[in-house]
>>> print(open('query_15.cif').read())   # mmCIF, C-alpha atoms (C1' of nucleotides)
data_start
loop_
_atom_site.label_atom_id
_atom_site.label_comp_id
_atom_site.auth_asym_id
_atom_site.auth_seq_id
_atom_site.Cartn_x
_atom_site.Cartn_y
_atom_site.Cartn_z
CA MET M 20 15.70 29.35 -14.02
CA ALA M 21 13.62 27.76 -11.34
CA GLN M 22 9.88 27.82 -11.64
CA THR M 23 8.39 29.01 -8.41
CA ARG M 24 4.82 28.53 -7.33
CA PHE M 25 2.48 28.19 -4.46
CA ILE M 26 1.18 24.92 -3.19
CA GLY M 27 -1.83 24.83 -5.49
CA GLY M 28 0.25 25.15 -8.63
CA LEU M 29 2.60 22.47 -7.46
CA ALA M 30 -0.30 20.19 -6.63
CA LYS M 31 -1.79 20.62 -10.07
CA ALA M 32 1.54 20.05 -11.81
CA ALA M 33 2.15 16.86 -9.85
CA GLY M 34 -1.41 15.62 -9.97
CA VAL M 35 -1.89 15.41 -6.23
CA ARG M 36 -3.98 17.30 -3.72
CA VAL M 37 -2.80 20.30 -1.83
CA ALA M 38 -3.51 18.46 1.39
CA THR M 39 -1.28 15.61 0.28
CA ILE M 40 1.67 17.94 -0.15
CA ARG M 41 1.23 19.33 3.34
CA PHE M 42 0.85 15.79 4.60
CA TYR M 43 4.14 14.75 2.97
CA GLU M 44 5.83 17.75 4.51
CA ARG M 45 4.63 16.77 7.96
CA LYS M 46 5.86 13.24 7.32
CA GLY M 47 9.29 14.47 6.30
CA LEU M 48 9.01 13.31 2.70
CA LEU M 49 9.21 16.87 1.49
CA PRO M 50 11.45 19.49 3.08
CA ALA M 51 9.85 22.53 4.67
CA PRO M 52 9.91 25.04 1.82
CA PRO M 53 10.70 28.75 2.08
CA ARG M 54 7.74 30.98 2.77
CA ARG M 55 6.41 34.32 1.84
CA ALA M 56 6.01 36.89 4.58
CA SER M 57 2.37 35.84 4.61
CA GLY M 58 3.32 32.27 5.40
CA TYR M 59 2.54 30.94 1.91
CA ARG M 60 4.85 28.10 0.88
CA ILE M 61 7.03 28.74 -2.17
CA TYR M 62 8.13 25.79 -4.28
CA GLY M 63 10.73 25.37 -6.98
CA GLU M 64 11.12 22.75 -9.67
CA GLU M 65 12.97 20.30 -7.46
CA THR M 66 9.95 19.72 -5.28
CA LEU M 67 7.93 18.72 -8.32
CA GLN M 68 10.62 16.19 -9.21
CA ARG M 69 10.60 14.84 -5.73
CA LEU M 70 6.84 14.50 -5.76
CA ARG M 71 7.00 12.56 -9.00
CA PHE M 72 9.64 10.32 -7.52
CA ILE M 73 7.36 9.62 -4.59
CA GLN M 74 4.45 8.80 -6.88
CA ARG M 75 6.49 6.35 -8.90
CA ALA M 76 7.98 4.66 -5.89
CA LYS M 77 4.51 4.25 -4.44
CA THR M 78 3.24 2.35 -7.45
CA LEU M 79 6.25 0.08 -7.16
CA GLY M 80 5.15 -1.05 -3.75
CA PHE M 81 7.33 1.09 -1.52
CA SER M 82 5.71 2.51 1.58
CA LEU M 83 6.14 6.15 2.49
CA ARG M 84 8.60 5.06 5.15
CA GLU M 85 10.70 3.22 2.61
CA ILE M 86 10.53 6.14 0.24
CA GLN M 87 11.79 8.34 3.01
CA GLU M 88 14.75 6.01 3.43
CA LEU M 89 15.44 6.14 -0.28
CA LEU M 90 15.34 9.90 -0.27
CA ALA M 91 17.58 9.93 2.77
CA LEU M 92 20.30 8.24 0.74
CA ARG M 93 20.75 11.56 -0.99
CA ALA M 94 21.03 13.63 2.16
CA VAL M 95 24.49 12.55 3.11
CA SER M 96 24.94 14.88 6.03
CA GLY M 97 26.09 12.96 9.08
CA ARG M 98 26.21 9.62 7.28
CA THR M 99 29.38 8.03 6.17
CA CYS M 100 29.80 6.99 2.61
CA LEU M 101 30.10 3.37 3.62
CA ASP M 102 26.77 3.55 5.30
CA VAL M 103 25.11 4.99 2.24
CA ARG M 104 26.71 2.36 0.08
CA GLU M 105 25.41 -0.41 2.27
CA ARG M 106 21.92 0.93 2.30
CA ALA M 107 21.92 1.47 -1.42
CA THR M 108 23.25 -2.01 -2.06
CA HIS M 109 20.53 -3.44 0.07
CA LYS M 110 17.92 -1.47 -1.84
CA ILE M 111 19.34 -2.79 -5.08
CA GLN M 112 18.77 -6.34 -3.89
CA ASP M 113 15.27 -5.37 -3.05
CA VAL M 114 14.62 -3.85 -6.43
CA GLU M 115 16.10 -6.82 -8.25
CA GLY M 116 13.84 -9.16 -6.33
CA LYS M 117 10.87 -7.15 -7.45
CA ILE M 118 12.02 -7.18 -11.04
CA ARG M 119 12.38 -10.95 -10.94
CA GLN M 120 8.92 -11.40 -9.52
CA LEU M 121 7.43 -9.12 -12.11
CA ARG M 122 9.09 -11.04 -14.90
CA HIS M 123 7.57 -14.29 -13.68
CA PHE M 124 4.34 -12.50 -13.41
CA ARG M 125 4.52 -11.25 -16.95
CA ARG M 126 5.43 -14.66 -18.27
CA ALA M 127 2.38 -16.16 -16.60
CA LEU M 128 0.13 -13.50 -18.04
CA GLN M 129 1.61 -14.01 -21.49
CA LEU M 130 0.91 -17.69 -21.20
CA LEU M 131 -2.62 -16.88 -20.27
CA VAL M 132 -3.03 -14.75 -23.37
CA ALA M 133 -1.42 -17.40 -25.54
CA GLN M 134 -3.80 -20.01 -24.23
CA CYS M 135 -6.69 -17.72 -24.96
CA GLU M 136 -5.54 -17.18 -28.50
CA ALA M 137 -5.03 -20.87 -29.05
CA GLY M 138 -8.63 -21.38 -27.98
CA GLY M 139 -9.84 -19.03 -30.68
CA THR M 140 -11.57 -15.70 -30.33
CA GLN M 141 -14.83 -17.16 -29.21
CA GLY M 142 -15.98 -20.20 -27.32
CA ASP M 143 -14.49 -21.59 -24.15
CA CYS M 144 -10.88 -21.20 -23.27
CA PRO M 145 -9.17 -24.17 -21.73
CA ILE M 146 -8.98 -24.06 -17.98
CA LEU M 147 -6.65 -21.07 -18.12
CA ASP M 148 -4.60 -21.94 -15.15
CA ALA M 149 -1.55 -20.19 -16.47
CA LEU M 150 -1.31 -18.43 -13.19
CA ASP M 151 -0.56 -21.79 -11.69
CA HIS M 152 2.47 -21.78 -13.88
CA PHE M 153 3.45 -18.47 -12.39
CA ARG M 154 3.04 -20.03 -9.02
CA ALA M 155 5.23 -22.97 -9.95
CA LEU M 156 7.88 -20.65 -11.30
CA SER M 157 8.08 -18.32 -8.42
CA VAL M 158 7.72 -20.56 -5.45
CA ARG M 159 11.36 -20.85 -4.68
CA THR M 160 11.20 -19.51 -1.18
CA ALA M 161 8.67 -22.20 -0.34
CA ARG M 162 8.98 -23.48 3.18
CA ALA M 163 7.87 -26.90 4.28
CA GLY M 164 4.56 -25.96 5.84
CA SER M 165 2.84 -27.82 8.63
CA PRO M 166 1.98 -31.43 8.05
CA VAL M 167 -1.51 -32.82 7.77
CA ARG M 168 -3.34 -33.03 11.00
CA MET I 9 -2.27 -35.91 -2.61
CA ALA I 10 -3.54 -32.69 -1.18
CA GLN I 11 -2.36 -31.54 2.20
CA THR I 12 -5.29 -30.53 4.31
CA ARG I 13 -5.14 -28.40 7.40
CA PHE I 14 -7.01 -26.03 9.60
CA ILE I 15 -6.62 -22.32 9.45
CA GLY I 16 -3.75 -22.17 11.95
CA GLY I 17 -1.60 -24.55 9.97
CA LEU I 18 -2.26 -22.66 6.80
CA ALA I 19 -1.43 -19.38 8.47
CA LYS I 20 1.86 -20.72 9.75
CA ALA I 21 2.77 -22.20 6.38
CA ALA I 22 2.05 -18.93 4.59
CA GLY I 23 3.54 -16.70 7.23
CA VAL I 24 0.40 -14.70 7.87
CA ARG I 25 -2.02 -14.38 10.76
CA VAL I 26 -5.10 -16.44 11.14
CA ALA I 27 -7.13 -13.26 11.23
CA THR I 28 -5.65 -12.20 7.91
CA ILE I 29 -6.86 -15.37 6.24
CA ARG I 30 -10.37 -14.85 7.50
CA PHE I 31 -10.11 -11.23 6.39
CA TYR I 32 -9.13 -12.27 2.87
CA GLU I 33 -12.01 -14.69 2.79
CA ARG I 34 -14.44 -11.91 3.71
CA LYS I 35 -12.88 -9.77 1.00
CA GLY I 36 -13.28 -12.46 -1.60
CA LEU I 37 -9.58 -13.01 -2.17
CA LEU I 38 -9.86 -16.54 -0.87
CA PRO I 39 -12.83 -18.78 -1.61
CA ALA I 40 -14.96 -19.96 1.29
CA PRO I 41 -13.38 -23.31 2.10
CA PRO I 42 -15.18 -26.51 3.01
CA ARG I 43 -15.86 -26.97 6.71
CA ARG I 44 -15.94 -29.68 9.24
CA ALA I 45 -19.22 -30.43 10.96
CA SER I 46 -17.88 -28.27 13.77
CA GLY I 47 -17.51 -25.32 11.44
CA TYR I 48 -13.70 -25.53 11.23
CA ARG I 49 -12.35 -24.43 7.87
CA ILE I 50 -10.41 -27.07 5.95
CA TYR I 51 -7.72 -25.98 3.53
CA GLY I 52 -5.80 -27.77 0.82
CA GLU I 53 -2.54 -26.94 -0.84
CA GLU I 54 -4.06 -24.64 -3.41
CA THR I 55 -5.04 -22.08 -0.81
CA LEU I 56 -1.45 -21.89 0.35
CA GLN I 57 -0.39 -21.18 -3.22
CA ARG I 58 -2.99 -18.53 -3.53
CA LEU I 59 -1.89 -16.90 -0.31
CA ARG I 60 1.67 -16.79 -1.51
CA PHE I 61 0.52 -15.27 -4.76
CA ILE I 62 -1.27 -12.58 -2.81
CA GLN I 63 1.79 -11.84 -0.69
CA ARG I 64 4.01 -11.46 -3.71
CA ALA I 65 1.58 -9.30 -5.60
CA LYS I 66 1.25 -7.06 -2.58
CA THR I 67 4.97 -6.35 -2.42
CA LEU I 68 4.83 -5.46 -6.10
CA GLY I 69 2.45 -2.65 -5.40
CA PHE I 70 -0.88 -4.25 -6.29
CA SER I 71 -3.79 -3.46 -4.04
CA LEU I 72 -6.06 -6.20 -2.79
CA ARG I 73 -8.64 -5.06 -5.30
CA GLU I 74 -6.18 -5.42 -8.16
CA ILE I 75 -5.09 -8.79 -6.89
CA GLN I 76 -8.69 -9.86 -6.88
CA GLU I 77 -8.91 -8.86 -10.53
CA LEU I 78 -5.79 -10.83 -11.33
CA LEU I 79 -7.18 -13.87 -9.60
CA ALA I 80 -10.44 -13.39 -11.43
CA LEU I 81 -8.62 -13.91 -14.72
CA ARG I 82 -8.44 -17.54 -13.76
CA ALA I 83 -12.10 -17.92 -12.97
CA VAL I 84 -13.34 -17.95 -16.52
CA SER I 85 -16.93 -18.74 -15.79
CA GLY I 86 -19.17 -16.22 -17.47
CA ARG I 87 -16.31 -14.39 -19.11
CA THR I 88 -15.47 -14.73 -22.71
CA CYS I 89 -11.99 -15.62 -23.73
CA LEU I 90 -11.62 -12.33 -25.52
CA ASP I 91 -12.42 -10.48 -22.38
CA VAL I 92 -9.85 -12.39 -20.40
CA ARG I 93 -7.28 -11.79 -23.09
CA GLU I 94 -7.92 -8.09 -23.03
CA ARG I 95 -7.63 -7.85 -19.29
CA ALA I 96 -4.48 -9.92 -19.24
CA THR I 97 -2.91 -7.85 -21.98
CA HIS I 98 -3.67 -4.74 -20.06
CA LYS I 99 -2.09 -6.21 -16.95
CA ILE I 100 0.99 -7.07 -18.94
CA GLN I 101 1.38 -3.44 -19.93
CA ASP I 102 1.09 -2.56 -16.31
CA VAL I 103 3.70 -5.04 -15.27
CA GLU I 104 6.10 -3.95 -17.97
CA GLY I 105 5.77 -0.37 -16.87
CA LYS I 106 6.71 -1.38 -13.38
CA ILE I 107 9.70 -3.35 -14.61
CA ARG I 108 10.91 -0.36 -16.58
CA GLN I 109 10.59 1.93 -13.59
CA LEU I 110 12.42 -0.52 -11.40
CA ARG I 111 15.26 -0.78 -13.86
CA HIS I 112 15.74 2.97 -13.85
CA PHE I 113 15.59 2.84 -10.15
CA ARG I 114 18.25 0.22 -9.97
CA ARG I 115 20.50 2.09 -12.34
CA ALA I 116 20.26 5.17 -10.16
CA LEU I 117 21.09 3.20 -7.06
CA GLN I 118 24.03 1.57 -8.79
CA LEU I 119 25.30 4.98 -9.76
CA LEU I 120 24.99 6.03 -6.18
CA VAL I 121 27.07 3.09 -5.03
CA ALA I 122 29.65 3.70 -7.72
CA GLN I 123 29.99 7.30 -6.67
CA CYS I 124 30.45 6.20 -3.10
CA GLU I 125 33.16 3.79 -4.06
CA ALA I 126 34.91 6.40 -6.13
CA GLY I 127 34.95 8.64 -3.10
CA GLY I 128 36.78 6.06 -1.02
CA THR I 129 35.55 4.09 1.96
CA GLN I 130 35.81 7.01 4.31
CA GLY I 131 35.53 10.76 4.13
CA ASP I 132 32.89 12.69 2.28
CA CYS I 133 31.12 11.35 -0.74
CA PRO I 134 30.48 13.79 -3.55
CA ILE I 135 27.02 15.27 -3.54
CA LEU I 136 25.51 11.89 -4.38
CA ASP I 137 22.68 13.12 -6.46
CA ALA I 138 22.49 9.96 -8.47
CA LEU I 139 18.83 9.85 -7.71
CA ASP I 140 18.56 12.99 -9.76
CA HIS I 141 19.84 10.91 -12.59
CA PHE I 142 17.03 8.49 -11.94
CA ARG I 143 14.66 11.40 -12.08
CA ALA I 144 16.07 12.55 -15.38
CA LEU I 145 15.82 9.08 -16.80
CA SER I 146 12.31 8.37 -15.78
CA VAL I 147 10.56 11.64 -16.26
CA ARG I 148 9.12 10.89 -19.63
CA THR I 149 5.52 11.42 -18.69
CA ALA I 150 6.38 14.96 -17.61
CA ARG I 151 3.61 17.43 -18.20
CA ALA I 152 4.12 21.14 -18.56
CA GLY I 153 3.10 22.21 -15.09
CA SER I 154 1.57 25.52 -14.18
CA PRO I 155 3.55 28.66 -14.93
CA VAL I 156 4.98 31.02 -12.37
CA ARG I 157 2.53 33.23 -10.71
"C1'" DA E 28 -11.92 -37.92 29.98
"C1'" DT E 29 -9.24 -34.06 30.62
"C1'" DA E 30 -6.31 -30.15 29.54
"C1'" DA E 31 -3.69 -27.54 26.29
"C1'" DA E 32 -4.12 -25.84 22.08
"C1'" DC E 33 -7.03 -24.78 18.59
"C1'" DC E 34 -11.21 -22.83 16.08
"C1'" DC E 35 -15.76 -20.13 15.71
"C1'" DT E 36 -18.27 -15.32 15.16
"C1'" DG E 37 -18.56 -10.68 16.15
"C1'" DT E 38 -16.82 -6.47 17.31
"C1'" DA E 39 -13.56 -3.12 18.42
"C1'" DC E 40 -9.04 -1.15 17.76
"C1'" DA E 41 -4.62 0.16 15.02
"C1'" DT E 42 -1.90 1.87 11.17
"C1'" DT E 43 -1.08 3.90 6.81
"C1'" DA E 44 -2.14 7.22 3.59
"C1'" DG E 45 -4.51 10.41 2.71
"C1'" DT E 46 -9.26 14.03 2.49
"C1'" DA E 47 -12.37 17.36 4.10
"C1'" DT E 48 -13.75 21.30 6.61
"C1'" DC E 49 -13.42 25.61 9.26
"C1'" DG E 50 -12.51 30.31 10.24
"C1'" DA E 51 -9.34 33.66 9.19
"C1'" DG E 52 -5.85 35.82 6.43
"C1'" DT E 53 -3.62 36.75 1.42
"C1'" DC E 54 -3.13 37.40 -3.67
"C1'" DA E 55 -3.90 39.43 -7.95
"C1'" DA E 56 -6.91 40.85 -11.84
"C1'" DG E 57 -10.01 44.26 -13.17
"C1'" DC C 9 -9.85 48.59 -3.66
"C1'" DT C 10 -12.90 45.04 -4.23
"C1'" DT C 11 -13.75 40.29 -5.00
"C1'" DG C 12 -13.07 35.47 -6.12
"C1'" DA C 13 -9.62 32.22 -5.78
"C1'" DC C 14 -6.08 30.91 -3.08
"C1'" DT C 15 -3.51 29.80 1.48
"C1'" DC C 16 -2.88 29.07 6.47
"C1'" DG C 17 -3.06 25.77 10.67
"C1'" DA C 18 -5.87 22.70 13.29
"C1'" DT C 19 -8.75 19.17 13.62
"C1'" DA C 20 -11.59 15.55 12.30
"C1'" DC C 21 -12.94 12.19 9.07
"C1'" DT C 22 -12.29 8.25 5.55
"C1'" DA C 23 -10.67 3.94 3.22
"C1'" DA C 24 -7.69 0.16 3.00
"C1'" DT C 25 -5.50 -3.40 5.42
"C1'" DG C 26 -5.12 -5.68 8.93
"C1'" DT C 27 -5.01 -7.12 14.58
"C1'" DA C 28 -6.75 -8.07 18.98
"C1'" DC C 29 -9.98 -9.51 22.16
"C1'" DA C 30 -14.16 -11.96 24.29
"C1'" DG C 31 -17.02 -15.66 25.09
"C1'" DG C 32 -17.87 -20.07 23.79
"C1'" DG C 33 -17.24 -24.67 21.27
"C1'" DT C 34 -13.66 -28.51 19.25
"C1'" DT C 35 -9.52 -31.51 18.72
"C1'" DT C 36 -6.27 -34.36 20.13
"C1'" DA C 37 -2.43 -36.19 22.85
"C1'" DT C 38 -1.96 -38.41 26.95
#
>>> encode(input="query_15.cif", output="structure tokens")
Amino acid sequence: MAQTRFIGGLAKAAGVRVATIRFYERKGLLPAPPRRASGYRIYGEETLQRLRFIQRAKTLGFSLREIQELLALRAVSGRTCLDVRERATHKIQDVEGKIRQLRHFRRALQLLVAQCEAGGTQGDCPILDALDHFRALSVRTARAGSPVR
Amino acid sequence: MAQTRFIGGLAKAAGVRVATIRFYERKGLLPAPPRRASGYRIYGEETLQRLRFIQRAKTLGFSLREIQELLALRAVSGRTCLDVRERATHKIQDVEGKIRQLRHFRRALQLLVAQCEAGGTQGDCPILDALDHFRALSVRTARAGSPVR
DNA sequence: ATAAACCCTGTACATTAGTATCGAGTCAAG
DNA sequence: CTTGACTCGATACTAATGTACAGGGTTTAT
């Protein structure tokens, strides 16, 4: 049985503002919901799920435009399957790149912590340039750069 | 031997605009570099590395403010080691959360592709609600939500 | 020593992602 | 059937993250 509620209840459940929900609707991130005779928007559970999806994707560095594209993968109308597959495959590459970066990132931070612990719980840490290690690890896409002038 | 260059060369090497570099300097993401007598900024290799770090962190969903915090982990002056360790540990949690989310995300996208392939290269895909699967997987933080009204 | 290409500061403009406010209408609990 | 909380659309404002001049000085290859 679908929960139904007005915009305020949905906003509270999702932890966003009412204005944000209307904003997302205008932007096409949320479908125009059914309305009461009065014009009040009526939401079911699925909109809450979609809002949570949007929130998560945002913290992962996707822009609203990208999130819209991701959501559009579901709405197959008018798109061929091949098209969807291509887009999804491309997104997977994207996601895997992010995962890789984050792993390097984590490793660097762990090194930082390890160096701290090695230095003892008080007194000076060594230079703590573990983040340089991160840099060294993840600069694979490095281009040549302009020469000295 | 450190490469040195003016702001334009650095911008080109990092793939950002000159104005962006000056913007980051104003924001404290890049240190104020040494200058020529003329006032021209002079950059070494380390600034390029830092710029690349910033770019990567941005695509991973960190705001400039958060990136500043991450960079501050390196600048140990005035901070105790314990403090740094705590902050780094917290960041690691953060990063791991993101990795987890991205993995769910990827799984959902892979499911989507698989469903597409099962449906053949042409004709209609099934409903393709693999992203619902993603939702089901990743809604662990779900709160009760307001009741019907 | 000159001209193209570059840099300086300061300020204004743009885009993304919301937030806030207003006046008027609606809901629902007592 | 009133009253406080909610909703509506429209519009304007904000913060974060850049971008684009304008007017004037600098570098450097030739």
>>> resolve_selection(input="query_15.cif", expression="the PyMOL selection byres ((chain E and resi 30-45) around 12)", output="PyMOL selection string")
(chain M and resi 35-43+46+77+82-84+168) or (chain I and resi 13-17+26-27+30+43-50) or (chain E and resi 28-29+46-47) or (chain C and resi 21-38)
>>> interface_residues(input="query_15.cif", of="chain C", to="chain M", cutoff="12 Å", atoms="all atoms listed in the file", output="ChimeraX atom specification")
/C:13-17,35-36
>>> resolve_selection(input="query_15.cif", expression="the PyMOL selection byres ((chain E and resi 49) around 10)", output="ChimeraX atom specification")
/E:47-48,50-51 /C:18-19
>>> atom_distance(input="query_15.cif", atom1="CA of Tyr62 in chain M", atom2="CA of Leu48 in chain M")
14.3 Å
>>> resolve_selection(input="query_15.cif", expression="the PyMOL selection byres ((chain C and resi 12) around 12)", output="list of chain:residue names")
E:DC54, E:DA55, E:DA56, E:DG57, C:DT10, C:DT11, C:DA13, C:DC14
>>> residues_around(input="query_15.cif", residues="Arg95 in chain I", least_positions_apart="4", cutoff="8 Å", atoms="all atoms listed in the file", output="compact mmCIF listing (two decimals) with C-alpha atoms, in the coordinates of the input")
# COMPACT_ATOMS: atom_id res chain seq x y z
CA LEU I 81 -8.62 -13.91 -14.72
CA ASP I 91 -12.42 -10.48 -22.38
CA LYS I 99 -2.09 -6.21 -16.95
>>> decode(input="query_15.cif", residues="range 36-52 of chain E", atoms="N, CA and C atoms (P, O5', C5', C4', C3', O3' and C1' of nucleotides)", output="mmCIF file, in the first residue's frame")
data_model
loop_
_atom_site.group_PDB
_atom_site.id
_atom_site.type_symbol
_atom_site.label_atom_id
_atom_site.label_comp_id
_atom_site.auth_asym_id
_atom_site.auth_seq_id
_atom_site.Cartn_x
_atom_site.Cartn_y
_atom_site.Cartn_z
ATOM 1 P P DT E 36 47.651 40.608 -8.845
ATOM 2 O "O5'" DT E 36 46.665 41.858 -8.879
ATOM 3 C "C5'" DT E 36 47.116 43.165 -8.530
ATOM 4 C "C4'" DT E 36 45.986 44.157 -8.713
ATOM 5 C "C3'" DT E 36 44.736 43.831 -7.898
ATOM 6 O "O3'" DT E 36 44.338 44.972 -7.158
ATOM 7 C "C1'" DT E 36 44.169 44.106 -10.197
ATOM 8 P P DG E 37 43.190 44.853 -6.050
ATOM 9 O "O5'" DG E 37 41.901 45.305 -6.885
ATOM 10 C "C5'" DG E 37 42.003 46.400 -7.791
ATOM 11 C "C4'" DG E 37 40.699 46.547 -8.547
ATOM 12 C "C3'" DG E 37 39.465 46.119 -7.753
ATOM 13 O "O3'" DG E 37 38.501 47.161 -7.787
ATOM 14 C "C1'" DG E 37 39.517 45.020 -9.864
ATOM 15 P P DT E 38 37.146 47.038 -6.938
ATOM 16 O "O5'" DT E 38 36.095 46.667 -8.081
ATOM 17 C "C5'" DT E 38 36.158 47.362 -9.339
ATOM 18 C "C4'" DT E 38 35.273 46.658 -10.342
ATOM 19 C "C3'" DT E 38 33.930 46.186 -9.769
ATOM 20 O "O3'" DT E 38 32.891 46.676 -10.591
ATOM 21 C "C1'" DT E 38 34.985 44.464 -10.985
ATOM 22 P P DA E 39 31.333 46.509 -10.095
ATOM 23 O "O5'" DA E 39 30.635 45.933 -11.405
ATOM 24 C "C5'" DA E 39 31.244 46.131 -12.680
ATOM 25 C "C4'" DA E 39 30.916 44.955 -13.589
ATOM 26 C "C3'" DA E 39 29.509 44.384 -13.350
ATOM 27 O "O3'" DA E 39 28.927 44.137 -14.618
ATOM 28 C "C1'" DA E 39 31.102 42.674 -13.190
ATOM 29 P P DC E 40 27.359 43.818 -14.744
ATOM 30 O "O5'" DC E 40 27.329 42.330 -15.292
ATOM 31 C "C5'" DC E 40 28.058 41.995 -16.472
ATOM 32 C "C4'" DC E 40 28.203 40.487 -16.567
ATOM 33 C "C3'" DC E 40 26.889 39.745 -16.361
ATOM 34 O "O3'" DC E 40 26.578 39.039 -17.558
ATOM 35 C "C1'" DC E 40 28.660 38.773 -15.073
ATOM 36 P P DA E 41 25.398 37.926 -17.518
ATOM 37 O "O5'" DA E 41 26.180 36.634 -17.028
ATOM 38 C "C5'" DA E 41 27.187 36.063 -17.872
ATOM 39 C "C4'" DA E 41 27.284 34.580 -17.588
ATOM 40 C "C3'" DA E 41 25.929 33.882 -17.464
ATOM 41 O "O3'" DA E 41 26.022 32.635 -18.134
ATOM 42 C "C1'" DA E 41 27.170 33.638 -15.436
ATOM 43 P P DT E 42 24.726 31.695 -18.318
ATOM 44 O "O5'" DT E 42 24.996 30.554 -17.237
ATOM 45 C "C5'" DT E 42 26.292 29.947 -17.171
ATOM 46 C "C4'" DT E 42 26.302 28.904 -16.069
ATOM 47 C "C3'" DT E 42 24.969 28.172 -15.891
ATOM 48 O "O3'" DT E 42 25.262 26.788 -15.847
ATOM 49 C "C1'" DT E 42 25.685 29.119 -13.829
ATOM 50 P P DT E 43 24.073 25.689 -15.789
ATOM 51 O "O5'" DT E 43 24.197 25.162 -14.288
ATOM 52 C "C5'" DT E 43 25.482 24.906 -13.749
ATOM 53 C "C4'" DT E 43 25.360 24.611 -12.277
ATOM 54 C "C3'" DT E 43 24.127 23.794 -11.881
ATOM 55 O "O3'" DT E 43 24.563 22.795 -10.969
ATOM 56 C "C1'" DT E 43 24.211 25.775 -10.598
ATOM 57 P P DA E 44 23.563 21.596 -10.543
ATOM 58 O "O5'" DA E 44 22.961 22.154 -9.176
ATOM 59 C "C5'" DA E 44 23.819 22.224 -8.036
ATOM 60 C "C4'" DA E 44 23.078 22.891 -6.909
ATOM 61 C "C3'" DA E 44 21.668 22.322 -6.631
ATOM 62 O "O3'" DA E 44 21.478 22.182 -5.218
ATOM 63 C "C1'" DA E 44 21.566 24.622 -6.837
ATOM 64 P P DG E 45 20.394 21.124 -4.703
ATOM 65 O "O5'" DG E 45 18.984 21.850 -4.978
ATOM 66 C "C5'" DG E 45 18.269 22.464 -3.940
ATOM 67 C "C4'" DG E 45 18.926 23.743 -3.499
ATOM 68 C "C3'" DG E 45 18.161 24.447 -2.385
ATOM 69 O "O3'" DG E 45 18.927 24.464 -1.207
ATOM 70 C "C1'" DG E 45 18.880 25.960 -4.085
ATOM 71 P P DT E 46 18.277 24.501 0.228
ATOM 72 O "O5'" DT E 46 18.367 26.035 0.672
ATOM 73 C "C5'" DT E 46 18.005 27.066 -0.206
ATOM 74 C "C4'" DT E 46 17.764 28.315 0.589
ATOM 75 C "C3'" DT E 46 16.612 28.235 1.581
ATOM 76 O "O3'" DT E 46 16.888 29.174 2.606
ATOM 77 C "C1'" DT E 46 15.999 29.566 -0.286
ATOM 78 P P DA E 47 15.782 29.552 3.709
ATOM 79 O "O5'" DA E 47 15.038 30.807 3.072
ATOM 80 C "C5'" DA E 47 15.804 31.924 2.613
ATOM 81 C "C4'" DA E 47 14.879 33.097 2.360
ATOM 82 C "C3'" DA E 47 13.672 33.175 3.299
ATOM 83 O "O3'" DA E 47 13.486 34.546 3.618
ATOM 84 C "C1'" DA E 47 12.921 33.041 1.054
ATOM 85 P P DT E 48 12.388 35.002 4.659
ATOM 86 O "O5'" DT E 48 11.300 35.676 3.695
ATOM 87 C "C5'" DT E 48 11.745 36.491 2.614
ATOM 88 C "C4'" DT E 48 10.556 36.981 1.818
ATOM 89 C "C3'" DT E 48 9.254 37.126 2.606
ATOM 90 O "O3'" DT E 48 8.612 38.318 2.197
ATOM 91 C "C1'" DT E 48 8.885 35.751 0.753
ATOM 92 P P DC E 49 7.447 38.946 3.114
ATOM 93 O "O5'" DC E 49 6.315 39.250 2.026
ATOM 94 C "C5'" DC E 49 6.671 39.347 0.626
ATOM 95 C "C4'" DC E 49 5.415 39.194 -0.201
ATOM 96 C "C3'" DC E 49 4.126 39.249 0.621
ATOM 97 O "O3'" DC E 49 3.182 40.098 0.018
ATOM 98 C "C1'" DC E 49 4.230 37.222 -0.627
ATOM 99 P P DG E 50 2.008 40.670 1.039
ATOM 100 O "O5'" DG E 50 0.691 40.463 0.157
ATOM 101 C "C5'" DG E 50 0.769 40.385 -1.276
ATOM 102 C "C4'" DG E 50 -0.252 39.378 -1.783
ATOM 103 C "C3'" DG E 50 -1.569 39.367 -0.993
ATOM 104 O "O3'" DG E 50 -2.626 39.230 -1.930
ATOM 105 C "C1'" DG E 50 -0.638 37.203 -1.011
ATOM 106 P P DA E 51 -4.159 39.265 -1.445
ATOM 107 O "O5'" DA E 51 -4.644 37.789 -1.803
ATOM 108 C "C5'" DA E 51 -4.356 37.231 -3.089
ATOM 109 C "C4'" DA E 51 -4.661 35.747 -3.071
ATOM 110 C "C3'" DA E 51 -5.968 35.404 -2.330
ATOM 111 O "O3'" DA E 51 -6.701 34.456 -3.074
ATOM 112 C "C1'" DA E 51 -4.195 34.120 -1.507
ATOM 113 P P DG E 52 -8.214 34.129 -2.657
ATOM 114 O "O5'" DG E 52 -8.197 32.539 -2.556
ATOM 115 C "C5'" DG E 52 -7.659 31.781 -3.642
ATOM 116 C "C4'" DG E 52 -7.206 30.432 -3.137
ATOM 117 C "C3'" DG E 52 -8.300 29.594 -2.447
ATOM 118 O "O3'" DG E 52 -8.297 28.290 -2.987
ATOM 119 C "C1'" DG E 52 -6.384 29.698 -1.110
#
